[in-house]
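Quick look at coords-v4.cif (mmCIF, C-alpha atoms and all ligand atoms):
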data_start
loop_
_atom_site.label_atom_id
_atom_site.label_comp_id
_atom_site.auth_asym_id
_atom_site.auth_seq_id
_atom_site.Cartn_x
_atom_site.Cartn_y
_atom_site.Cartn_z
CA MET L 1 20.96 -46.95 -53.99
CA PRO L 2 20.01 -43.28 -53.64
CA GLU L 3 17.29 -42.52 -51.10
CA GLU L 4 13.86 -41.61 -52.37
CA VAL L 5 13.37 -37.84 -52.45
CA MET L 6 9.96 -37.05 -50.96
CA VAL L 7 10.19 -33.26 -50.86
CA ASP L 8 12.02 -31.44 -53.63
CA VAL L 9 12.03 -27.66 -53.36
CA LYS L 10 13.62 -25.58 -56.09
CA ASN L 11 14.12 -21.84 -55.77
CA LEU L 12 10.79 -21.02 -54.16
CA VAL L 13 10.03 -17.31 -53.96
CA LYS L 14 7.04 -15.58 -52.36
CA ARG L 15 6.50 -11.85 -52.39
CA TYR L 16 3.90 -9.77 -50.61
CA GLY L 17 3.92 -6.54 -52.58
CA THR L 18 7.52 -5.33 -52.56
CA PHE L 19 8.43 -7.49 -49.55
CA THR L 20 10.05 -10.85 -50.29
CA ALA L 21 8.96 -13.29 -47.56
CA VAL L 22 10.70 -16.35 -49.10
CA ASN L 23 13.68 -15.79 -51.33
CA GLY L 24 14.95 -18.65 -53.48
CA VAL L 25 14.68 -21.53 -51.02
CA VAL L 26 16.16 -24.87 -52.15
CA PHE L 27 16.16 -28.17 -50.24
CA GLN L 28 15.29 -31.85 -50.49
CA VAL L 29 13.91 -34.21 -47.88
CA GLU L 30 14.44 -37.94 -48.19
CA LYS L 31 12.00 -40.68 -47.27
CA GLY L 32 11.88 -41.30 -43.54
CA GLU L 33 13.72 -38.12 -42.62
CA ILE L 34 12.62 -35.54 -40.09
CA PHE L 35 13.60 -32.24 -41.67
CA GLY L 36 13.31 -29.01 -39.68
CA LEU L 37 13.03 -25.42 -40.80
CA LEU L 38 14.52 -23.50 -37.88
CA GLY L 39 14.36 -19.74 -37.66
CA PRO L 40 13.00 -16.77 -35.73
CA ASN L 41 9.47 -15.39 -36.10
CA GLY L 42 8.97 -13.95 -39.56
CA ALA L 43 11.82 -15.92 -41.16
CA GLY L 44 9.48 -17.36 -43.80
CA LYS L 45 8.99 -20.88 -42.43
CA THR L 46 5.19 -20.84 -42.49
CA THR L 47 5.09 -19.24 -45.93
CA THR L 48 7.40 -21.97 -47.25
CA ILE L 49 5.20 -24.71 -45.78
CA GLU L 50 2.05 -23.02 -47.06
CA MET L 51 3.47 -22.96 -50.60
CA LEU L 52 4.34 -26.64 -50.36
CA VAL L 53 0.92 -27.72 -49.15
CA GLY L 54 -0.92 -25.65 -51.74
CA LEU L 55 -2.21 -22.82 -49.56
CA ARG L 56 -0.13 -20.14 -51.24
CA LYS L 57 0.99 -19.82 -54.81
CA PRO L 58 4.73 -19.40 -55.27
CA ASP L 59 5.78 -16.38 -57.34
CA GLU L 60 8.78 -18.31 -58.62
CA GLY L 61 10.23 -21.79 -58.36
CA THR L 62 8.82 -25.27 -58.22
CA ALA L 63 8.32 -28.00 -55.67
CA SER L 64 7.27 -31.60 -55.80
CA LEU L 65 6.04 -33.91 -53.07
CA SER L 66 6.55 -37.62 -53.60
CA GLY L 67 7.20 -36.78 -57.25
CA HIS L 68 4.01 -34.70 -57.72
CA ASP L 69 4.25 -31.07 -58.74
CA VAL L 70 2.58 -28.94 -56.05
CA ARG L 71 1.10 -26.56 -58.63
CA LYS L 72 0.06 -28.95 -61.35
CA GLU L 73 -0.96 -32.10 -59.47
CA VAL L 74 -2.90 -30.66 -56.56
CA ASN L 75 -5.15 -33.69 -55.98
CA LYS L 76 -2.28 -36.18 -56.04
CA VAL L 77 -0.37 -33.96 -53.62
CA LYS L 78 -3.34 -33.87 -51.22
CA GLU L 79 -3.35 -37.67 -51.11
CA VAL L 80 0.26 -37.94 -49.99
CA ILE L 81 0.42 -35.12 -47.42
CA GLY L 82 -0.96 -34.55 -43.94
CA VAL L 83 -0.84 -31.02 -42.60
CA GLN L 84 -0.98 -29.52 -39.12
CA LEU L 85 -0.88 -25.74 -39.29
CA GLN L 86 -0.35 -23.24 -36.50
CA SER L 87 -3.86 -21.96 -36.89
CA THR L 88 -5.73 -25.25 -37.21
CA SER L 89 -9.24 -24.34 -36.07
CA LEU L 90 -11.10 -27.30 -34.71
CA PHE L 91 -14.84 -27.54 -34.27
CA GLU L 92 -14.84 -26.84 -30.55
CA LEU L 93 -18.24 -28.39 -29.83
CA LEU L 94 -17.47 -31.75 -31.41
CA LYS L 95 -16.06 -34.62 -29.40
CA VAL L 96 -12.58 -35.97 -30.17
CA GLU L 97 -13.81 -39.17 -31.79
CA GLU L 98 -16.57 -37.33 -33.67
CA ILE L 99 -14.16 -35.02 -35.46
CA LEU L 100 -11.88 -37.95 -36.31
CA HIS L 101 -14.79 -39.87 -37.86
CA LEU L 102 -15.85 -36.72 -39.71
CA TYR L 103 -12.39 -36.20 -41.20
CA ALA L 104 -12.12 -39.92 -42.00
CA SER L 105 -15.31 -39.62 -44.06
CA PHE L 106 -13.57 -37.11 -46.37
CA TYR L 107 -11.18 -39.78 -47.68
CA PRO L 108 -11.70 -42.99 -49.66
CA SER L 109 -9.71 -44.89 -47.02
CA HIS L 110 -8.43 -44.08 -43.57
CA VAL L 111 -6.37 -45.50 -40.72
CA ASP L 112 -7.92 -47.32 -37.77
CA ILE L 113 -9.36 -44.52 -35.64
CA ASP L 114 -9.08 -46.34 -32.29
CA GLY L 115 -5.41 -47.01 -32.98
CA LEU L 116 -4.85 -43.38 -33.95
CA ILE L 117 -6.53 -42.13 -30.77
CA GLU L 118 -4.29 -44.44 -28.75
CA ASP L 119 -1.14 -43.40 -30.61
CA MET L 120 -1.89 -39.74 -29.97
CA LEU L 121 -2.48 -40.46 -26.25
CA LEU L 122 -6.08 -39.29 -26.43
CA THR L 123 -7.85 -42.46 -25.24
CA GLU L 124 -9.10 -40.87 -22.02
CA LYS L 125 -10.33 -37.83 -23.91
CA ARG L 126 -12.03 -39.54 -26.83
CA ARG L 127 -15.55 -38.66 -25.64
CA ASP L 128 -14.67 -35.15 -24.46
CA ARG L 129 -15.55 -32.02 -26.36
CA ILE L 130 -12.62 -30.36 -28.10
CA LYS L 131 -13.16 -27.07 -26.27
CA GLY L 132 -12.20 -28.71 -22.96
CA LEU L 133 -8.86 -30.10 -24.17
CA SER L 134 -5.49 -28.71 -23.06
CA GLY L 135 -3.16 -27.06 -25.57
CA GLY L 136 -1.07 -30.20 -25.89
CA GLN L 137 -4.14 -32.41 -26.37
CA LYS L 138 -5.45 -30.06 -29.07
CA GLN L 139 -2.11 -30.22 -30.87
CA ARG L 140 -2.10 -34.02 -30.67
CA LEU L 141 -5.64 -34.04 -32.06
CA ALA L 142 -4.54 -31.73 -34.90
CA ILE L 143 -1.74 -34.19 -35.71
CA ALA L 144 -4.20 -37.10 -35.56
CA LEU L 145 -6.37 -35.29 -38.12
CA ALA L 146 -3.31 -34.79 -40.33
CA LEU L 147 -2.61 -38.53 -40.18
CA ILE L 148 -6.13 -39.82 -40.76
CA HIS L 149 -5.59 -40.81 -44.42
CA ASP L 150 -2.16 -42.34 -43.70
CA PRO L 151 -0.12 -39.75 -45.65
CA ALA L 152 3.52 -40.40 -46.56
CA ILE L 153 4.63 -36.83 -45.79
CA VAL L 154 3.58 -34.96 -42.66
CA PHE L 155 3.91 -31.17 -42.29
CA LEU L 156 3.96 -29.77 -38.76
CA ASP L 157 4.11 -25.98 -38.46
CA GLU L 158 5.53 -25.03 -35.06
CA PRO L 159 3.82 -27.99 -33.38
CA THR L 160 4.92 -27.16 -29.83
CA THR L 161 4.66 -23.37 -29.72
CA GLY L 162 2.86 -22.32 -26.56
CA LEU L 163 3.02 -25.75 -24.90
CA ASP L 164 4.51 -26.41 -21.47
CA PRO L 165 7.76 -28.42 -21.29
CA GLN L 166 6.05 -31.72 -20.51
CA ALA L 167 3.53 -31.37 -23.33
CA ARG L 168 6.38 -30.49 -25.70
CA ARG L 169 8.28 -33.65 -24.79
CA THR L 170 5.16 -35.78 -25.26
CA LEU L 171 4.80 -34.31 -28.72
CA TRP L 172 8.48 -34.93 -29.49
CA ASP L 173 7.93 -38.63 -28.75
CA ILE L 174 4.98 -38.67 -31.11
CA VAL L 175 7.01 -37.04 -33.90
CA LEU L 176 9.86 -39.52 -33.40
CA ARG L 177 7.37 -42.38 -33.63
CA LEU L 178 6.14 -41.04 -36.98
CA LYS L 179 9.69 -41.43 -38.26
CA GLU L 180 9.89 -44.99 -36.89
CA ARG L 181 6.85 -45.76 -39.01
CA GLY L 182 8.61 -44.54 -42.13
CA LYS L 183 6.83 -41.20 -42.46
CA THR L 184 8.70 -38.23 -43.86
CA VAL L 185 8.26 -35.23 -41.58
CA LEU L 186 8.83 -31.58 -42.39
CA LEU L 187 8.42 -29.35 -39.37
CA SER L 188 9.10 -25.74 -38.54
CA THR L 189 10.21 -24.48 -35.18
CA HIS L 190 11.93 -21.60 -33.49
CA TYR L 191 13.11 -23.81 -30.64
CA MET L 192 16.71 -24.90 -31.21
CA ASP L 193 16.46 -27.72 -28.64
CA GLU L 194 13.46 -29.10 -30.49
CA ALA L 195 15.29 -28.97 -33.82
CA HIS L 196 18.32 -30.64 -32.28
CA VAL L 197 16.36 -33.47 -30.65
CA LEU L 198 13.99 -34.21 -33.51
CA CYS L 199 15.61 -33.39 -36.80
CA ASP L 200 17.92 -35.48 -38.95
CA ARG L 201 18.72 -32.33 -40.90
CA ILE L 202 17.94 -28.70 -40.34
CA GLY L 203 17.55 -25.78 -42.70
CA ILE L 204 18.19 -22.53 -40.85
CA MET L 205 15.99 -19.74 -42.22
CA ASP L 206 16.44 -16.04 -41.73
CA GLN L 207 14.73 -13.15 -43.52
CA GLY L 208 13.29 -15.42 -46.20
CA GLU L 209 16.52 -17.22 -47.00
CA LEU L 210 17.91 -20.62 -46.15
CA ILE L 211 21.26 -19.64 -44.69
CA ALA L 212 22.50 -23.11 -43.68
CA LEU L 213 21.46 -26.71 -44.16
CA ASP L 214 23.00 -29.76 -42.50
CA THR L 215 22.67 -32.22 -39.64
CA PRO L 216 22.46 -30.60 -36.19
CA GLU L 217 25.87 -32.04 -35.31
CA ASN L 218 27.55 -30.66 -38.44
CA LEU L 219 25.93 -27.25 -38.00
CA VAL L 220 27.34 -27.00 -34.50
CA LYS L 221 30.71 -28.29 -35.74
CA THR L 222 30.92 -25.46 -38.27
CA LEU L 223 31.54 -23.16 -35.34
CA GLN L 224 34.71 -25.11 -34.65
CA SER L 225 34.39 -24.08 -31.06
CA ALA L 226 33.71 -26.31 -28.15
CA SER L 227 32.32 -23.75 -25.74
CA THR L 228 30.64 -20.41 -25.48
CA VAL L 229 31.29 -17.79 -22.81
CA GLU L 230 28.48 -15.31 -22.26
CA PHE L 231 28.35 -12.23 -20.08
CA TYR L 232 26.90 -8.76 -19.79
CA LEU L 233 28.72 -5.45 -19.39
CA ASP L 234 27.37 -2.29 -17.80
CA ASP L 235 27.77 -0.26 -21.01
CA PRO L 236 27.86 -1.35 -24.65
CA PRO L 237 31.54 -1.88 -25.48
CA GLU L 238 33.12 0.22 -28.22
CA GLN L 239 36.06 -2.17 -28.51
CA GLU L 240 36.33 -4.60 -31.38
CA TRP L 241 38.99 -6.62 -29.61
CA PHE L 242 36.88 -9.28 -27.90
CA GLY L 243 37.33 -11.51 -30.92
CA LYS L 244 41.08 -10.95 -30.90
CA MET L 245 41.72 -12.07 -27.31
CA ASP L 246 43.86 -15.15 -26.71
CA GLY L 247 41.83 -18.35 -26.86
CA VAL L 248 38.81 -16.64 -28.51
CA LYS L 249 37.86 -17.72 -32.02
CA GLU L 250 35.00 -15.37 -32.52
CA ALA L 251 32.96 -12.84 -30.60
CA ALA L 252 29.41 -11.55 -31.00
CA VAL L 253 28.36 -8.37 -29.23
CA LYS L 254 24.79 -7.15 -28.98
CA ASP L 255 24.33 -4.02 -26.85
CA THR L 256 25.73 -5.04 -23.48
CA PHE L 257 25.59 -8.80 -24.15
CA VAL L 258 28.81 -10.48 -25.28
CA GLN L 259 29.38 -14.03 -26.49
CA LEU L 260 32.80 -15.52 -27.04
CA TYR L 261 33.35 -18.78 -28.91
CA THR L 262 36.38 -20.75 -27.82
CA ASP L 263 38.18 -24.06 -28.18
CA ASP L 264 40.13 -23.42 -25.02
CA LEU L 265 37.91 -22.23 -22.22
CA GLN L 266 40.72 -21.75 -19.73
CA ILE L 267 42.81 -19.46 -21.95
CA ALA L 268 39.72 -17.49 -23.05
CA LEU L 269 38.59 -16.92 -19.47
CA THR L 270 42.08 -15.91 -18.37
CA SER L 271 42.39 -13.36 -21.17
CA LEU L 272 38.91 -12.04 -20.46
CA ILE L 273 39.68 -11.45 -16.80
CA GLU L 274 43.00 -9.80 -17.67
CA ALA L 275 41.25 -7.58 -20.22
CA SER L 276 38.62 -6.59 -17.68
CA SER L 277 41.27 -5.37 -15.23
CA VAL L 278 43.42 -3.66 -17.89
CA HIS L 279 40.48 -1.90 -19.58
CA GLY L 280 38.44 -1.45 -16.42
CA PHE L 281 35.12 -3.04 -17.35
CA GLU L 282 32.98 -5.15 -15.09
CA ILE L 283 31.71 -8.55 -16.20
CA ARG L 284 28.21 -9.50 -15.07
CA ASP L 285 26.30 -12.81 -15.16
CA LEU L 286 29.10 -14.80 -16.75
CA GLN L 287 28.14 -18.26 -17.96
CA THR L 288 29.95 -20.92 -19.95
CA ARG L 289 28.29 -23.68 -21.94
CA GLN L 290 28.68 -26.04 -24.88
CA ALA L 291 28.02 -24.54 -28.31
CA THR L 292 24.47 -25.08 -29.60
CA LEU L 293 22.38 -24.37 -32.70
CA GLU L 294 21.52 -21.01 -31.14
CA ASP L 295 25.21 -20.14 -31.37
CA VAL L 296 25.24 -21.17 -35.02
CA PHE L 297 22.38 -18.73 -35.64
CA ILE L 298 24.07 -15.91 -33.70
CA HIS L 299 27.31 -16.61 -35.51
CA MET L 300 25.61 -16.37 -38.90
CA THR L 301 23.26 -13.46 -38.29
CA GLY L 302 24.54 -11.58 -35.26
CA ARG L 303 21.08 -12.03 -33.72
CA ARG L 304 19.43 -14.50 -31.37
CA LEU L 305 16.84 -17.01 -32.56
CA ARG L 306 14.41 -15.86 -29.91
CA GLU L 307 14.56 -12.44 -28.33
CA SER L 308 14.48 -12.96 -24.59
P1 LIG J 401 6.23 -17.29 -37.50
O1 LIG J 401 6.96 -18.18 -36.59
O2 LIG J 401 5.96 -15.96 -36.87
O3 LIG J 401 5.05 -17.89 -38.19
P2 LIG J 401 7.61 -17.64 -39.98
O4 LIG J 401 9.05 -17.92 -40.08
O5 LIG J 401 6.69 -18.77 -40.16
O6 LIG J 401 7.32 -16.93 -38.62
P3 LIG J 401 6.09 -16.34 -42.00
O7 LIG J 401 4.80 -16.45 -41.26
O8 LIG J 401 6.31 -17.21 -43.17
O9 LIG J 401 7.32 -16.49 -41.02
O10 LIG J 401 6.24 -14.81 -42.46
C1 LIG J 401 7.35 -14.35 -43.22
C2 LIG J 401 7.20 -12.87 -43.43
O11 LIG J 401 6.14 -12.62 -44.36
C3 LIG J 401 6.88 -12.09 -42.17
O12 LIG J 401 7.60 -10.87 -42.19
C4 LIG J 401 5.40 -11.84 -42.29
O13 LIG J 401 5.04 -10.63 -41.64
C5 LIG J 401 5.21 -11.72 -43.79
N1 LIG J 401 3.87 -12.15 -44.21
C6 LIG J 401 3.29 -13.34 -43.99
N2 LIG J 401 2.06 -13.40 -44.54
C7 LIG J 401 1.85 -12.20 -45.14
C8 LIG J 401 0.78 -11.60 -45.88
N3 LIG J 401 -0.34 -12.30 -46.13
N4 LIG J 401 0.93 -10.35 -46.32
C9 LIG J 401 2.04 -9.65 -46.08
N5 LIG J 401 3.11 -10.13 -45.38
C10 LIG J 401 3.01 -11.37 -44.92
#

Go through the file and emit its structure as structure tokens.
Amino acid sequence: MPEEVMVDVKNLVKRYGTFTAVNGVVFQVEKGEIFGLLGPNGAGKTTTIEMLVGLRKPDEGTASLSGHDVRKEVNKVKEVIGVQLQSTSLFELLKVEEILHLYASFYPSHVDIDGLIEDMLLTEKRRDRIKGLSGGQKQRLAIALALIHDPAIVFLDEPTTGLDPQARRTLWDIVLRLKERGKTVLLSTHYMDEAHVLCDRIGIMDQGELIALDTPENLVKTLQSASTVEFYLDDPPEQEWFGKMDGVKEAAVKDTFVQLYTDDLQIALTSLIEASSVHGFEIRDLQTRQATLEDVFIHMTGRRLRES
């Protein structure tokens, strides 16, 4: 039996004046999936989510959530979605449990608030004012508010941006538990590790377009390379031959930073060292590692996901 499609996006386009922020995006998310939109800042992830949750009107295309058209059945859509946006502004002077009761009062029915507070690891903070919460606690509260009416589809826009590593991992556990409970999750992120750990499938976005869509494992497999060799040179190389060296499948060069993709690390390293002595260039900060989603992005766009 085919899975139930909970999010069905067809050719969404959003323009701001002459600039196209989202350009013909197509994807589906099945019930119980965690689907990630992965891409650098400005790729169009937030705009896509905002069109789906009814905050922006698409210029072209359609989308339905749990079978309801996002433009024509706004009230039905609101019933089935929970939304945590990057800019969720909380009433800072309210206490955690006060804001949850307030939000609960907006809906005809709601989940058990004590259970929700516990699930979001906020029990110790339930009587604290929001303004005193840490970044991670505020994010967990924002997710709690998104879940108050027990929605089937949960949207999380860059839920861990700005959090420390421990707070990020805590949030990852919470997102994975949403899946265990049968929720469908659509999240955006520019962290490739987050996308890899959390998502069943990932849509990679760049400059308004969905440039790849698959499971994390398959996306990495498309590189057909087991390892990546990275190093810096003193000057930007003029040579095009990095990609032609023995053992190297593909090379990406950005200024003085070079990445080589290889199936055979030993042969690639040997040819690199030979090339450095023949052509007289010095290799700095050489590292080798397994291919990741970041490499997929570099391979497809020639740029890094996050400028470091
Ligand atoms: P971020 O991680 O920075 O939120 P994103 O992938 O979510 O990135 P969007 O916020 O969707 O990207 O922005 C996509 C593009 O549209 C960006 O170039 C942004 O500057 C532009 N943009 C967004 N909102 C507007 C607006 N109201 N008017 C004009 N341009 C906009």

Within 10 Å of ligand LIG 401 (chain J), which residues show up when you count all atoms listed in the file? List them as a PyMOL selection string, please.
-> chain L and resi 14-22+37-51+56+85-87+157-158+161+188-190+205-208

Could you tell me which of L:Ile273, L:Leu178, L:Ala226, L:Val83 comes closest to L:Lys31 if we count all atoms listed in the file?
->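 Counting all atoms listed in the file, the residue closest to L:Lys31 is L:Leu178.
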
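Nearest to L:Asp119 of all the residues L:Ile148, L:Leu93, L:Leu213, L:Leu163 is L:Ile148, counting all atoms listed in the file.
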
Å distance separating atom CA of L:His110 from atom CA of L:Val5, one decimal place | 24.4 Å

All residues 12 Å or closer to L:Asp69, only C-alpha atoms, same chain fewer than 5 positions away omitted, as a PyMOL selection string | chain L and resi 6-10+51-54+61-64+74-78+80

Save the residues we just selected, C-alpha atoms, as a PDB file, keeping the file's coordinate frame?
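Once everything was written out, this is out_39.pdb:
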ATOM      1  CA  MET L   6       9.960 -37.050 -50.960  1.00  0.00           C
ATOM      2  CA  VAL L   7      10.190 -33.260 -50.860  1.00  0.00           C
ATOM      3  CA  ASP L   8      12.020 -31.440 -53.630  1.00  0.00           C
ATOM      4  CA  VAL L   9      12.030 -27.660 -53.360  1.00  0.00           C
ATOM      5  CA  LYS L  10      13.620 -25.580 -56.090  1.00  0.00           C
ATOM      6  CA  MET L  51       3.470 -22.960 -50.600  1.00  0.00           C
ATOM      7  CA  LEU L  52       4.340 -26.640 -50.360  1.00  0.00           C
ATOM      8  CA  VAL L  53       0.920 -27.720 -49.150  1.00  0.00           C
ATOM      9  CA  GLY L  54      -0.920 -25.650 -51.740  1.00  0.00           C
ATOM     10  CA  GLY L  61      10.230 -21.790 -58.360  1.00  0.00           C
ATOM     11  CA  THR L  62       8.820 -25.270 -58.220  1.00  0.00           C
ATOM     12  CA  ALA L  63       8.320 -28.000 -55.670  1.00  0.00           C
ATOM     13  CA  SER L  64       7.270 -31.600 -55.800  1.00  0.00           C
ATOM     14  CA  VAL L  74      -2.900 -30.660 -56.560  1.00  0.00           C
ATOM     15  CA  ASN L  75      -5.150 -33.690 -55.980  1.00  0.00           C
ATOM     16  CA  LYS L  76      -2.280 -36.180 -56.040  1.00  0.00           C
ATOM     17  CA  VAL L  77      -0.370 -33.960 -53.620  1.00  0.00           C
ATOM     18  CA  LYS L  78      -3.340 -33.870 -51.220  1.00  0.00           C
ATOM     19  CA  VAL L  80       0.260 -37.940 -49.990  1.00  0.00           C
TER      20      VAL L  80
END

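Interatomic distance, atom CA of L:Pro159 to atom CA of L:Leu102: 22.4 Å.
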
So how many Å separate atom CA of L:Trp172 and atom CA of L:Glu98, to one decimal?
-> 25.5 Å

In file coordinates, which residues lie within 12 Å of (25.1, -21.6, -43.5) using only C-alpha atoms, given as a PyMOL selection string?
-> chain L and resi 202-206+209-216+218-223+293+296-301

Show which residues sit within 8 Å of L:Arg140, as a list of chain:residue names. Count all atoms listed in the file, and ignore same-chain residues fewer than 6 positions away.
->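 Close residues of L:Arg140: L:Met120, L:Leu121, L:Leu122, L:Leu171.
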
Of the residues L:Glu124, L:Glu118, L:Asp164, L:Glu282, which is the one nearest to L:Lys95, using all atoms listed in the file?
->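 Smallest separation from L:Lys95 among the options: L:Glu124.
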
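Minimum atom-to-atom distance to L:Arg127, evaluated using only C-alpha atoms, belongs to L:Leu94 out of L:Asp112, L:Leu286, L:Leu94, L:Glu250.
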
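If you measure from each of L:Tyr232, L:Leu12, L:Glu73, L:Asn23 to L:Pro58 using all atoms listed in the file, the closest one turns out to be L:Leu12.
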
Using N, CA and C atoms, give me stretch 181-203 of chain L from the structure I just pasted, as a tab-separated table (two decimals), in the first residue's frame.
chain	number	residue	atom	x	y	z
L	181	ARG	N	6.38	9.06	17.49
L	181	ARG	CA	4.93	9.21	17.77
L	181	ARG	C	4.10	9.36	16.51
L	182	GLY	N	4.72	9.17	15.37
L	182	GLY	CA	3.96	9.17	14.12
L	182	GLY	C	3.76	10.53	13.49
L	183	LYS	N	4.42	11.57	14.07
L	183	LYS	CA	4.29	12.90	13.46
L	183	LYS	C	5.10	12.94	12.17
L	184	THR	N	4.66	13.78	11.25
L	184	THR	CA	5.44	14.08	10.06
L	184	THR	C	6.17	15.39	10.34
L	185	VAL	N	7.47	15.41	10.10
L	185	VAL	CA	8.25	16.61	10.44
L	185	VAL	C	8.91	17.16	9.19
L	186	LEU	N	8.76	18.45	8.97
L	186	LEU	CA	9.49	19.11	7.91
L	186	LEU	C	10.37	20.17	8.57
L	187	LEU	N	11.68	20.02	8.46
L	187	LEU	CA	12.56	20.99	9.11
L	187	LEU	C	13.53	21.57	8.11
L	188	SER	N	14.03	22.75	8.43
L	188	SER	CA	15.07	23.33	7.60
L	188	SER	C	16.33	23.46	8.45
L	189	THR	N	17.46	23.36	7.81
L	189	THR	CA	18.71	23.48	8.54
L	189	THR	C	19.84	23.83	7.58
L	190	HIS	N	20.88	24.48	8.11
L	190	HIS	CA	22.08	24.58	7.29
L	190	HIS	C	23.21	23.76	7.91
L	191	TYR	N	22.85	22.90	8.87
L	191	TYR	CA	23.85	22.00	9.45
L	191	TYR	C	23.73	20.63	8.79
L	192	MET	N	24.79	20.22	8.10
L	192	MET	CA	24.71	18.92	7.40
L	192	MET	C	24.67	17.77	8.40
L	193	ASP	N	25.34	17.90	9.55
L	193	ASP	CA	25.31	16.78	10.52
L	193	ASP	C	23.89	16.60	11.05
L	194	GLU	N	23.22	17.72	11.28
L	194	GLU	CA	21.83	17.67	11.75
L	194	GLU	C	20.93	16.97	10.73
L	195	ALA	N	21.10	17.36	9.47
L	195	ALA	CA	20.28	16.75	8.41
L	195	ALA	C	20.56	15.25	8.34
L	196	HIS	N	21.82	14.90	8.47
L	196	HIS	CA	22.20	13.49	8.35
L	196	HIS	C	21.62	12.66	9.50
L	197	VAL	N	21.71	13.20	10.71
L	197	VAL	CA	21.25	12.45	11.89
L	197	VAL	C	19.72	12.35	11.92
L	198	LEU	N	19.05	13.44	11.56
L	198	LEU	CA	17.60	13.48	11.79
L	198	LEU	C	16.75	13.02	10.62
L	199	CYS	N	17.21	13.28	9.40
L	199	CYS	CA	16.26	13.23	8.29
L	199	CYS	C	16.23	11.88	7.58
L	200	ASP	N	15.02	11.43	7.27
L	200	ASP	CA	14.86	10.24	6.44
L	200	ASP	C	15.21	10.60	5.00
L	201	ARG	N	14.77	11.77	4.57
L	201	ARG	CA	15.14	12.26	3.24
L	201	ARG	C	15.46	13.74	3.34
L	202	ILE	N	16.30	14.16	2.40
L	202	ILE	CA	16.76	15.55	2.42
L	202	ILE	C	16.58	16.16	1.04
L	203	GLY	N	16.05	17.37	1.02
L	203	GLY	CA	16.06	18.16	-0.22
L	203	GLY	C	17.14	19.20	-0.06
